[in-house]
$ cat final12.pdb   # PDB, C-alpha atoms and all ligand atoms
ATOM      1  CA  MET A 194      17.189  13.709  24.404
ATOM      2  CA  THR A 195      16.483  11.111  21.735
ATOM      3  CA  ALA A 196      15.233   7.567  22.170
ATOM      4  CA  ASP A 197      17.633   4.964  23.508
ATOM      5  CA  SER A 198      18.594   2.321  20.921
ATOM      6  CA  SER A 199      19.779  -0.322  23.440
ATOM      7  CA  PRO A 200      18.110  -3.738  22.956
ATOM      8  CA  ASP A 201      16.556  -3.692  26.437
ATOM      9  CA  ARG A 202      14.958  -0.286  25.973
ATOM     10  CA  ARG A 203      13.671  -1.214  22.514
ATOM     11  CA  LEU A 204      12.004  -4.307  23.942
ATOM     12  CA  GLU A 205      10.545  -2.410  26.904
ATOM     13  CA  ARG A 206       9.002   0.198  24.619
ATOM     14  CA  ALA A 207       7.629  -2.422  22.234
ATOM     15  CA  LEU A 208       6.068  -4.371  25.111
ATOM     16  CA  ALA A 209       4.449  -1.231  26.502
ATOM     17  CA  SER A 210       2.935  -0.609  23.069
ATOM     18  CA  LEU A 211       1.866  -4.257  22.718
ATOM     19  CA  ARG A 212       0.036  -4.122  26.062
ATOM     20  CA  GLY A 213      -1.768  -0.974  24.964
ATOM     21  CA  LEU A 214      -2.624  -2.619  21.648
ATOM     22  CA  ALA A 215      -3.949  -5.779  23.326
ATOM     23  CA  VAL A 216      -6.125  -3.880  25.820
ATOM     24  CA  GLY A 217      -7.569  -1.702  23.027
ATOM     25  CA  ASP A 218      -8.214  -4.745  20.835
ATOM     26  CA  ALA A 219      -9.794  -6.735  23.665
ATOM     27  CA  LEU A 220     -11.994  -3.907  24.961
ATOM     28  CA  GLY A 221     -12.959  -2.725  21.465
ATOM     29  CA  SER A 222     -14.096  -6.218  20.485
ATOM     30  CA  GLN A 223     -16.354  -6.374  23.571
ATOM     31  CA  PHE A 224     -18.575  -3.732  21.998
ATOM     32  CA  PHE A 225     -19.599  -5.984  19.128
ATOM     33  CA  VAL A 226     -21.678  -7.839  21.748
ATOM     34  CA  PRO A 227     -25.171  -6.270  21.532
ATOM     35  CA  ALA A 228     -25.731  -6.567  25.306
ATOM     36  CA  HIS A 229     -22.715  -4.273  25.811
ATOM     37  CA  TYR A 230     -23.998  -1.354  23.682
ATOM     38  CA  PRO A 231     -25.357   0.542  26.747
ATOM     39  CA  LEU A 232     -21.996   0.140  28.523
ATOM     40  CA  LEU A 233     -20.211   1.797  25.615
ATOM     41  CA  LYS A 234     -22.650   4.693  25.624
ATOM     42  CA  HIS A 235     -22.027   5.318  29.342
ATOM     43  CA  ARG A 236     -18.287   4.490  29.241
ATOM     44  CA  GLN A 237     -18.650   1.577  31.661
ATOM     45  CA  LEU A 238     -16.388  -1.450  31.549
ATOM     46  CA  PRO A 239     -17.692  -4.906  30.601
ATOM     47  CA  ASP A 240     -16.960  -7.782  32.995
ATOM     48  CA  ALA A 241     -13.672  -9.672  32.616
ATOM     49  CA  PRO A 242     -12.222 -11.499  30.823
ATOM     50  CA  TRP A 243     -11.761  -9.467  27.662
ATOM     51  CA  GLN A 244     -10.323 -11.674  24.942
ATOM     52  CA  TRP A 245      -8.025 -10.165  22.362
ATOM     53  CA  THR A 246      -8.365 -10.960  18.654
ATOM     54  CA  ASP A 247      -6.231 -11.351  15.500
ATOM     55  CA  ASP A 248      -4.781  -7.829  15.938
ATOM     56  CA  THR A 249      -2.953  -8.902  19.107
ATOM     57  CA  GLU A 250      -2.083 -12.397  17.898
ATOM     58  CA  MET A 251      -0.318 -10.972  14.821
ATOM     59  CA  ALA A 252       1.350  -8.163  16.803
ATOM     60  CA  CYS A 253       2.862 -10.850  19.041
ATOM     61  CA  SER A 254       4.436 -12.434  15.941
ATOM     62  CA  VAL A 255       5.865  -9.071  14.840
ATOM     63  CA  LEU A 256       7.491  -8.622  18.248
ATOM     64  CA  ALA A 257       8.717 -12.234  18.415
ATOM     65  CA  VAL A 258      10.479 -11.786  15.039
ATOM     66  CA  LEU A 259      12.077  -8.500  16.136
ATOM     67  CA  ILE A 260      13.391 -10.137  19.309
ATOM     68  CA  ARG A 261      14.839 -13.065  17.355
ATOM     69  CA  HIS A 262      16.160 -11.285  14.229
ATOM     70  CA  HIS A 263      16.537  -7.611  15.318
ATOM     71  CA  ARG A 264      14.694  -6.661  12.101
ATOM     72  CA  ILE A 265      11.765  -7.991  10.064
ATOM     73  CA  ASP A 266      12.599 -11.299   8.400
ATOM     74  CA  GLN A 267       9.616 -11.831   6.084
ATOM     75  CA  ASP A 268       9.863 -15.633   5.955
ATOM     76  CA  ALA A 269      10.116 -15.891   9.741
ATOM     77  CA  LEU A 270       7.167 -13.503  10.104
ATOM     78  CA  ALA A 271       4.983 -15.454   7.657
ATOM     79  CA  ARG A 272       5.902 -18.677   9.459
ATOM     80  CA  SER A 273       5.022 -17.211  12.859
ATOM     81  CA  PHE A 274       1.685 -15.842  11.595
ATOM     82  CA  ALA A 275       0.835 -19.281  10.178
ATOM     83  CA  GLU A 276       2.003 -21.306  13.187
ATOM     84  CA  HIS A 277       0.143 -19.206  15.742
ATOM     85  CA  HIS A 278      -2.976 -18.632  13.633
ATOM     86  CA  ASP A 279      -6.073 -19.327  15.723
ATOM     87  CA  PHE A 280      -9.124 -19.485  13.455
ATOM     88  CA  ASP A 281     -11.372 -18.226  16.272
ATOM     89  CA  ARG A 282      -9.597 -14.888  16.727
ATOM     90  CA  GLY A 283     -11.623 -13.010  14.128
ATOM     91  CA  TYR A 284      -9.363 -13.056  11.070
ATOM     92  CA  GLY A 285     -10.870 -12.070   7.744
ATOM     93  CA  PRO A 286     -11.682 -14.925   5.344
ATOM     94  CA  ALA A 287      -8.824 -14.179   2.912
ATOM     95  CA  VAL A 288      -6.165 -14.191   5.648
ATOM     96  CA  ASN A 289      -7.677 -17.317   7.236
ATOM     97  CA  ARG A 290      -7.278 -19.138   3.937
ATOM     98  CA  LEU A 291      -3.811 -17.721   3.240
ATOM     99  CA  LEU A 292      -2.395 -18.693   6.636
ATOM    100  CA  ARG A 293      -3.802 -22.210   6.350
ATOM    101  CA  GLN A 294      -2.141 -22.564   2.928
ATOM    102  CA  VAL A 295       1.186 -21.264   4.277
ATOM    103  CA  ARG A 296       0.949 -23.783   7.110
ATOM    104  CA  GLU A 297       0.448 -26.506   4.508
ATOM    105  CA  GLY A 298       3.647 -25.493   2.704
ATOM    106  CA  GLY A 299       2.412 -22.755   0.340
ATOM    107  CA  ASP A 300       4.649 -19.804  -0.619
ATOM    108  CA  TRP A 301       3.381 -16.584   0.986
ATOM    109  CA  ARG A 302       4.874 -14.539  -1.876
ATOM    110  CA  GLU A 303       2.603 -16.187  -4.430
ATOM    111  CA  LEU A 304      -0.408 -16.509  -2.165
ATOM    112  CA  ALA A 305      -0.428 -12.915  -0.852
ATOM    113  CA  SER A 306       0.164 -11.354  -4.274
ATOM    114  CA  ALA A 307      -2.664 -13.413  -5.821
ATOM    115  CA  LEU A 308      -5.324 -12.185  -3.369
ATOM    116  CA  PHE A 309      -8.205 -10.091  -4.732
ATOM    117  CA  LYS A 310      -7.526 -10.865  -8.413
ATOM    118  CA  GLY A 311      -3.842 -10.108  -8.139
ATOM    119  CA  GLN A 312      -4.179  -6.686  -6.473
ATOM    120  CA  GLY A 313      -3.273  -7.949  -3.019
ATOM    121  CA  SER A 314      -5.288  -7.159   0.094
ATOM    122  CA  TRP A 315      -5.828  -3.510   1.017
ATOM    123  CA  GLY A 316      -7.307  -4.491   4.372
ATOM    124  CA  ASN A 317      -6.249  -2.871   7.642
ATOM    125  CA  GLY A 318      -4.509  -6.042   8.893
ATOM    126  CA  ALA A 319      -0.932  -4.889   8.258
ATOM    127  CA  ALA A 320      -1.612  -1.631  10.151
ATOM    128  CA  MET A 321      -3.458  -3.182  13.108
ATOM    129  CA  ARG A 322      -0.440  -5.232  14.258
ATOM    130  CA  ILE A 323       2.439  -2.824  13.774
ATOM    131  CA  ALA A 324       2.498  -0.174  16.552
ATOM    132  CA  PRO A 325       4.953  -2.184  18.738
ATOM    133  CA  LEU A 326       7.435  -2.207  15.843
ATOM    134  CA  GLY A 327       7.245   1.579  15.725
ATOM    135  CA  ALA A 328       7.930   1.761  19.466
ATOM    136  CA  TRP A 329      10.906  -0.584  18.993
ATOM    137  CA  TYR A 330      12.412   1.832  16.430
ATOM    138  CA  ALA A 331      11.650   5.067  18.306
ATOM    139  CA  ASP A 332      15.318   6.037  17.849
ATOM    140  CA  ASP A 333      14.942   5.810  14.041
ATOM    141  CA  PRO A 334      11.453   6.612  12.634
ATOM    142  CA  GLU A 335      12.641   6.151   9.030
ATOM    143  CA  GLN A 336      13.761   2.619   9.862
ATOM    144  CA  ALA A 337      10.390   2.084  11.579
ATOM    145  CA  THR A 338       8.554   2.915   8.346
ATOM    146  CA  HIS A 339      10.934   0.776   6.268
ATOM    147  CA  GLN A 340      10.570  -2.260   8.516
ATOM    148  CA  ALA A 341       6.789  -1.746   8.653
ATOM    149  CA  GLU A 342       6.723  -1.672   4.851
ATOM    150  CA  ILE A 343       8.394  -5.058   4.511
ATOM    151  CA  SER A 344       6.352  -6.514   7.395
ATOM    152  CA  ALA A 345       3.126  -5.978   5.435
ATOM    153  CA  TYR A 346       3.956  -8.167   2.411
ATOM    154  CA  PRO A 347       3.472 -11.670   3.879
ATOM    155  CA  THR A 348      -0.275 -10.921   4.061
ATOM    156  CA  HIS A 349      -1.026  -7.482   2.532
ATOM    157  CA  GLN A 350       0.509  -6.417  -0.777
ATOM    158  CA  HIS A 351      -1.787  -3.625  -1.989
ATOM    159  CA  ARG A 352      -0.019  -0.277  -1.712
ATOM    160  CA  GLU A 353      -2.658   1.215   0.616
ATOM    161  CA  ALA A 354      -2.319  -1.628   3.136
ATOM    162  CA  VAL A 355       1.470  -1.250   3.072
ATOM    163  CA  VAL A 356       1.332   2.535   3.549
ATOM    164  CA  GLY A 357      -1.234   2.089   6.334
ATOM    165  CA  ALA A 358       1.288  -0.034   8.230
ATOM    166  CA  MET A 359       4.045   2.522   7.563
ATOM    167  CA  ALA A 360       1.874   5.330   8.928
ATOM    168  CA  VAL A 361       0.974   3.532  12.165
ATOM    169  CA  ALA A 362       4.610   2.520  12.769
ATOM    170  CA  ALA A 363       5.741   6.098  12.154
ATOM    171  CA  ALA A 364       3.151   7.385  14.633
ATOM    172  CA  ALA A 365       4.251   4.923  17.324
ATOM    173  CA  ALA A 366       7.943   5.720  16.755
ATOM    174  CA  LEU A 367       7.352   9.469  17.044
ATOM    175  CA  THR A 368       5.166   9.017  20.138
ATOM    176  CA  ALA A 369       7.710   6.739  21.838
ATOM    177  CA  ASP A 370      10.500   9.302  21.482
ATOM    178  CA  PRO A 371      11.121  10.729  24.980
ATOM    179  CA  ALA A 372      11.633  14.159  23.427
ATOM    180  CA  GLY A 373       7.890  13.966  22.815
ATOM    181  CA  PRO A 374       5.133  13.321  23.153
ATOM    182  CA  PRO A 375       4.634  15.642  20.226
ATOM    183  CA  THR A 376       1.587  17.845  19.937
ATOM    184  CA  PRO A 377      -1.281  16.314  17.943
ATOM    185  CA  ARG A 378      -0.371  18.524  14.995
ATOM    186  CA  ALA A 379       3.352  17.693  15.180
ATOM    187  CA  LEU A 380       2.556  13.990  15.312
ATOM    188  CA  LEU A 381       0.433  14.033  12.154
ATOM    189  CA  ASP A 382       2.922  16.347  10.380
ATOM    190  CA  GLY A 383       5.691  13.866  11.186
ATOM    191  CA  VAL A 384       3.695  10.870   9.970
ATOM    192  CA  ILE A 385       2.667  12.640   6.735
ATOM    193  CA  ASP A 386       6.345  13.422   6.021
ATOM    194  CA  LEU A 387       7.287   9.749   6.447
ATOM    195  CA  VAL A 388       4.702   8.127   4.145
ATOM    196  CA  PRO A 389       4.485   8.132   0.345
ATOM    197  CA  ARG A 390       1.660   9.623  -1.697
ATOM    198  CA  SER A 391      -1.423   7.442  -1.298
ATOM    199  CA  ALA A 392      -5.077   7.425  -0.258
ATOM    200  CA  VAL A 393      -3.885   6.823   3.306
ATOM    201  CA  GLY A 394      -1.651   9.900   3.025
ATOM    202  CA  ALA A 395      -4.528  11.992   1.612
ATOM    203  CA  GLY A 396      -6.695  10.821   4.530
ATOM    204  CA  LEU A 397      -3.982  11.806   7.000
ATOM    205  CA  ARG A 398      -3.812  15.333   5.550
ATOM    206  CA  ARG A 399      -7.571  15.587   5.937
ATOM    207  CA  ALA A 400      -7.259  14.256   9.496
ATOM    208  CA  ARG A 401      -4.704  16.969  10.257
ATOM    209  CA  ASP A 402      -7.135  19.615   9.000
ATOM    210  CA  MET A 403      -9.784  18.275  11.407
ATOM    211  CA  LEU A 404      -7.734  18.150  14.615
ATOM    212  CA  ASP A 405      -9.774  20.978  16.135
ATOM    213  CA  TYR A 406     -13.145  19.246  15.574
ATOM    214  CA  GLY A 407     -14.883  18.409  18.827
ATOM    215  CA  ASP A 408     -17.202  15.814  17.384
ATOM    216  CA  SER A 409     -15.551  12.442  16.691
ATOM    217  CA  ALA A 410     -18.629  11.107  14.926
ATOM    218  CA  THR A 411     -18.418  13.825  12.255
ATOM    219  CA  VAL A 412     -14.710  13.183  11.753
ATOM    220  CA  ALA A 413     -15.335   9.428  11.515
ATOM    221  CA  ALA A 414     -18.076  10.038   8.961
ATOM    222  CA  VAL A 415     -15.607  11.988   6.806
ATOM    223  CA  LEU A 416     -12.466   9.882   7.281
ATOM    224  CA  GLY A 417     -14.090   6.462   7.783
ATOM    225  CA  CYS A 418     -13.687   4.318  10.912
ATOM    226  CA  GLY A 419     -13.010   0.886   9.479
ATOM    227  CA  ARG A 420     -16.509  -0.092   8.376
ATOM    228  CA  ARG A 421     -15.020  -1.294   5.077
ATOM    229  CA  THR A 422     -11.956  -2.704   6.930
ATOM    230  CA  THR A 423      -9.608  -1.101   4.387
ATOM    231  CA  ALA A 424      -6.374   0.608   5.378
ATOM    232  CA  HIS A 425      -7.499   3.978   3.999
ATOM    233  CA  ASP A 426     -10.883   3.665   5.752
ATOM    234  CA  THR A 427      -9.184   2.914   9.100
ATOM    235  CA  VAL A 428      -5.738   4.471   9.566
ATOM    236  CA  PRO A 429      -6.468   8.223   9.110
ATOM    237  CA  PHE A 430      -9.239   8.207  11.746
ATOM    238  CA  ALA A 431      -7.262   5.972  14.139
ATOM    239  CA  LEU A 432      -4.242   8.297  13.970
ATOM    240  CA  TRP A 433      -6.475  11.369  14.326
ATOM    241  CA  SER A 434      -7.853   9.809  17.493
ATOM    242  CA  ALA A 435      -4.405   8.736  18.766
ATOM    243  CA  ALA A 436      -2.990  12.230  18.149
ATOM    244  CA  ARG A 437      -5.805  13.782  20.174
ATOM    245  CA  GLY A 438      -5.390  11.216  22.951
ATOM    246  CA  LEU A 439      -1.632  11.411  23.525
ATOM    247  CA  GLY A 440      -0.914  10.774  27.200
ATOM    248  CA  ALA A 441      -4.579   9.943  27.902
ATOM    249  CA  TYR A 442      -5.106   6.262  27.079
ATOM    250  CA  GLU A 443      -8.511   5.882  28.678
ATOM    251  CA  ARG A 444     -10.120   8.861  26.956
ATOM    252  CA  ALA A 445      -8.492   7.979  23.637
ATOM    253  CA  ILE A 446      -9.991   4.477  23.641
ATOM    254  CA  TRP A 447     -13.488   5.584  24.653
ATOM    255  CA  ASP A 448     -13.512   8.342  22.017
ATOM    256  CA  THR A 449     -12.397   5.812  19.408
ATOM    257  CA  ALA A 450     -14.822   3.024  20.324
ATOM    258  CA  GLN A 451     -17.828   5.321  20.562
ATOM    259  CA  VAL A 452     -17.907   6.080  16.837
ATOM    260  CA  GLY A 453     -18.267   2.369  16.017
ATOM    261  CA  GLY A 454     -16.826   0.779  12.878
ATOM    262  CA  ASP A 455     -14.017  -1.780  13.159
ATOM    263  CA  MET A 456     -13.672  -1.133  16.896
ATOM    264  CA  ASP A 457     -11.191  -3.851  17.844
ATOM    265  CA  THR A 458      -8.795  -2.649  15.160
ATOM    266  CA  THR A 459      -9.241   1.111  15.587
ATOM    267  CA  CYS A 460      -8.786   0.683  19.361
ATOM    268  CA  ALA A 461      -5.781  -1.629  18.807
ATOM    269  CA  ILE A 462      -4.087   1.035  16.659
ATOM    270  CA  VAL A 463      -4.943   3.878  19.030
ATOM    271  CA  GLY A 464      -3.949   1.823  22.096
ATOM    272  CA  GLY A 465      -0.669   0.692  20.521
ATOM    273  CA  VAL A 466       0.313   4.231  19.502
ATOM    274  CA  VAL A 467      -0.750   6.027  22.700
ATOM    275  CA  ALA A 468       0.860   3.376  24.945
ATOM    276  CA  SER A 469       4.146   3.872  23.068
ATOM    277  CA  GLY A 470       4.466   7.187  24.890
ATOM    278  CA  GLU A 471       5.777   7.380  28.422
ATOM    279  CA  ALA A 472       2.524   8.723  29.883
ATOM    280  CA  GLY A 473       0.266   6.577  27.730
ATOM    281  CA  ALA A 474      -0.109   3.284  29.617
ATOM    282  CA  PRO A 475      -3.567   1.728  29.993
ATOM    283  CA  PRO A 476      -5.155   1.814  33.484
ATOM    284  CA  ALA A 477      -4.115  -1.146  35.672
ATOM    285  CA  GLU A 478      -7.715  -2.285  36.004
ATOM    286  CA  TRP A 479      -8.074  -2.498  32.211
ATOM    287  CA  LEU A 480      -4.893  -4.569  31.957
ATOM    288  CA  GLU A 481      -6.174  -6.931  34.652
ATOM    289  CA  ARG A 482      -9.431  -7.504  32.791
ATOM    290  CA  THR A 483      -7.607  -8.283  29.544
ATOM    291  CA  GLU A 484      -6.620 -11.856  28.697
ATOM    292  CA  ALA A 485      -2.883 -12.469  29.256
ATOM    293  CA  LEU A 486      -0.601 -12.365  26.220
ATOM    294  CA  PRO A 487       0.310 -15.800  24.802
ATOM    295  CA  ASP A 488       3.170 -17.589  26.562
ATOM    296  CA  TRP A 489       5.339 -17.682  23.424
ATOM    297  CA  VAL A 490       5.928 -13.911  23.694
ATOM    298  CA  PRO A 491       8.585 -13.004  26.283
ATOM    299  CA  VAL A 492       6.697 -10.526  28.462
ATOM    300  CA  GLY A 493       8.812 -11.028  31.575
ATOM    301  CA  VAL A 494      10.854  -7.820  31.390
ATOM    302  CA  SER A 495       9.959  -4.943  33.669
TER     303      SER A 495
HETATM  304 MG    MG B   1      -9.469  -8.181  15.297
END

$ encode --input "final12.pdb" --output "structure tokens"
Amino acid sequence: MTADSSPDRRLERALASLRGLAVGDALGSQFFVPAHYPLLKHRQLPDAPWQWTDDTEMACSVLAVLIRHHRIDQDALARSFAEHHDFDRGYGPAVNRLLRQVREGGDWRELASALFKGQGSWGNGAAMRIAPLGAWYADDPEQATHQAEISAYPTHQHREAVVGAMAVAAAAALTADPAGPPTPRALLDGVIDLVPRSAVGAGLRRARDMLDYGDSATVAAVLGCGRRTTAHDTVPFALWSAARGLGAYERAIWDTAQVGGDMDTTCAIVGGVVASGEAGAPPAEWLERTEALPDWVPVGVS
């Protein structure tokens, strides 16, 4: 059995992934609060409400554009990012400035390509928002990687940021296929086959070689866990953790958060990928503690 390509099923899968992404983002960001460090150590939940951050806000725009256009329309995506940009959601300084300039009439093509002395951003922001797109295209993982590629450009034009988004979308697409969930090894093999040669790809091959490691902290020390907030410092570890946590959302998020680093984003990626799978939904109590998604995203389907 392969994934259903009907519009309703695509939307259902993408929403399941978005909920997993939002819960991971919101819970992960709670552990930047120093008073919550002991809770993380003992795997205890902070009090509600857990507010989500830029990862979720941007993922909502990705889904809104897919619903409206049935593909990624880059101008519509840039417009949605700019219109819904909330300065207090933890965006990086470069993206804050870029989205303000787009809102004021600037051309995202010029602005995004000019970032970082013309190299474009290699931050993890294109990867953090893309798992629901992968779930949407579970029937066509190659299309998932292609649409993820073009979705990166309005904000992230460095090759590593683009490939990071492709890798996360590929992982979500493969996980959302009902013929899966694949084994951890099969998932990383599939992702590696779908992404071009890059530092992200090299990190993913290393991640595959470390699937049998019991100690997440050692793996995070080797692969990186987002401390530099680059795509190549974030995506290989997040997909290593997602692969090991298939069908076990709760454990996957705790294992990811406990190594530290860019916890809202690593947990958003892991949550979005794991929740793409049929057995990967977050616990009901975690969903209840998480801030509701914004009302401009149609979340009313069952
Ligand atoms: Mg964030």

$ closest_residue --input "final12.pdb" --among "A:Ser409, A:Thr195, A:Gln340, A:Ser469" --to "Leu439 of chain A" --atoms "only C-alpha atoms"
A:Ser469

$ closest_residue --input "final12.pdb" --among "A:Val467, A:Ile265, A:Val255, A:Ala320" --to "ligand MG 1 (chain B)" --atoms "all atoms listed in the file"
A:Ala320

$ residues_near_ligand --input "final12.pdb" --ligand "ligand MG 1 (chain B)" --cutoff "8 Å" --atoms "only C-alpha atoms and all ligand atoms" --output "ChimeraX atom specification"
/A:218,222,245-249,282-284,457-458

$ resolve_selection --input "final12.pdb" --expression "the PyMOL selection byres (((chain A and resi 369) around 6) and not hetatm)" --output "list in words"
Ala328, Ala331, Ala365, Ala366, Leu367, Thr368, Asp370, Ser469 and Gly470 of chain A

$ residues_around --input "final12.pdb" --residues "segment 372-386 of chain A" --least-positions-apart "2" --cutoff "6 Å" --atoms "all atoms listed in the file" --output "list in words"
Met194, Thr195, Ala360, Ala363, Ala364, Thr368, Asp370, Val388, Ala436 and Arg437 of chain A

$ resolve_selection --input "final12.pdb" --expression "the PyMOL selection byres (((chain A and resi 269) around 12) and not hetatm)" --output "short mmCIF file (atom, residue, chain, number, x, y, z; two decimals) with C-alpha atoms, in the coordinates of the input"
data_model
loop_
_atom_site.label_atom_id
_atom_site.label_comp_id
_atom_site.auth_asym_id
_atom_site.auth_seq_id
_atom_site.Cartn_x
_atom_site.Cartn_y
_atom_site.Cartn_z
CA SER A 254 4.44 -12.43 15.94
CA VAL A 255 5.86 -9.07 14.84
CA LEU A 256 7.49 -8.62 18.25
CA ALA A 257 8.72 -12.23 18.42
CA VAL A 258 10.48 -11.79 15.04
CA LEU A 259 12.08 -8.50 16.14
CA ILE A 260 13.39 -10.14 19.31
CA ARG A 261 14.84 -13.06 17.36
CA HIS A 262 16.16 -11.28 14.23
CA HIS A 263 16.54 -7.61 15.32
CA ARG A 264 14.69 -6.66 12.10
CA ILE A 265 11.76 -7.99 10.06
CA ASP A 266 12.60 -11.30 8.40
CA GLN A 267 9.62 -11.83 6.08
CA ASP A 268 9.86 -15.63 5.96
CA LEU A 270 7.17 -13.50 10.10
CA ALA A 271 4.98 -15.45 7.66
CA ARG A 272 5.90 -18.68 9.46
CA SER A 273 5.02 -17.21 12.86
CA PHE A 274 1.68 -15.84 11.60
CA ALA A 275 0.84 -19.28 10.18
CA GLU A 276 2.00 -21.31 13.19
CA VAL A 295 1.19 -21.26 4.28
CA TRP A 301 3.38 -16.58 0.99
CA SER A 344 6.35 -6.51 7.40
CA PRO A 347 3.47 -11.67 3.88
#

$ resolve_selection --input "final12.pdb" --expression "the PyMOL selection byres (((chain A and resi 233) around 12) and not hetatm)" --output "list in words"
Leu220, Gly221, Ser222, Gln223, Phe224, Phe225, Val226, Pro227, Ala228, His229, Tyr230, Pro231, Leu232, Lys234, His235, Arg236, Gln237, Leu238, Pro239, Ile446, Trp447, Asp448, Thr449, Ala450, Gln451, Val452, Gly453 and Met456 of chain A

$ decode --input "final12.pdb" --residues "segment 304-315 of chain A" --atoms "N, CA and C atoms" --output "compact mmCIF listing (two decimals), in the first residue's frame"
# COMPACT_ATOMS: atom_id res chain seq x y z
N LEU A 304 16.71 40.39 -1.45
CA LEU A 304 17.04 40.47 -0.03
C LEU A 304 17.64 39.16 0.49
N ALA A 305 17.03 38.02 0.12
CA ALA A 305 17.52 36.74 0.66
C ALA A 305 18.87 36.36 0.05
N SER A 306 19.09 36.73 -1.22
CA SER A 306 20.38 36.35 -1.82
C SER A 306 21.51 37.25 -1.32
N ALA A 307 21.18 38.45 -0.82
CA ALA A 307 22.21 39.37 -0.34
C ALA A 307 22.68 39.06 1.09
N LEU A 308 21.94 38.22 1.81
CA LEU A 308 22.29 37.97 3.22
C LEU A 308 23.69 37.36 3.34
N PHE A 309 24.35 37.68 4.43
CA PHE A 309 25.68 37.12 4.75
C PHE A 309 26.66 37.30 3.58
N LYS A 310 26.81 38.57 3.18
CA LYS A 310 27.75 38.95 2.11
C LYS A 310 27.50 38.21 0.82
N GLY A 311 26.24 37.98 0.51
CA GLY A 311 25.89 37.38 -0.77
C GLY A 311 25.93 35.87 -0.81
N GLN A 312 26.21 35.22 0.36
CA GLN A 312 26.20 33.75 0.37
C GLN A 312 24.83 33.18 0.67
N GLY A 313 23.93 34.03 1.17
CA GLY A 313 22.64 33.54 1.63
C GLY A 313 22.79 32.89 3.00
N SER A 314 21.66 32.77 3.71
CA SER A 314 21.70 32.17 5.05
C SER A 314 21.84 30.66 4.97
N TRP A 315 22.69 30.10 5.81
CA TRP A 315 22.77 28.63 5.93
C TRP A 315 22.18 28.19 7.28
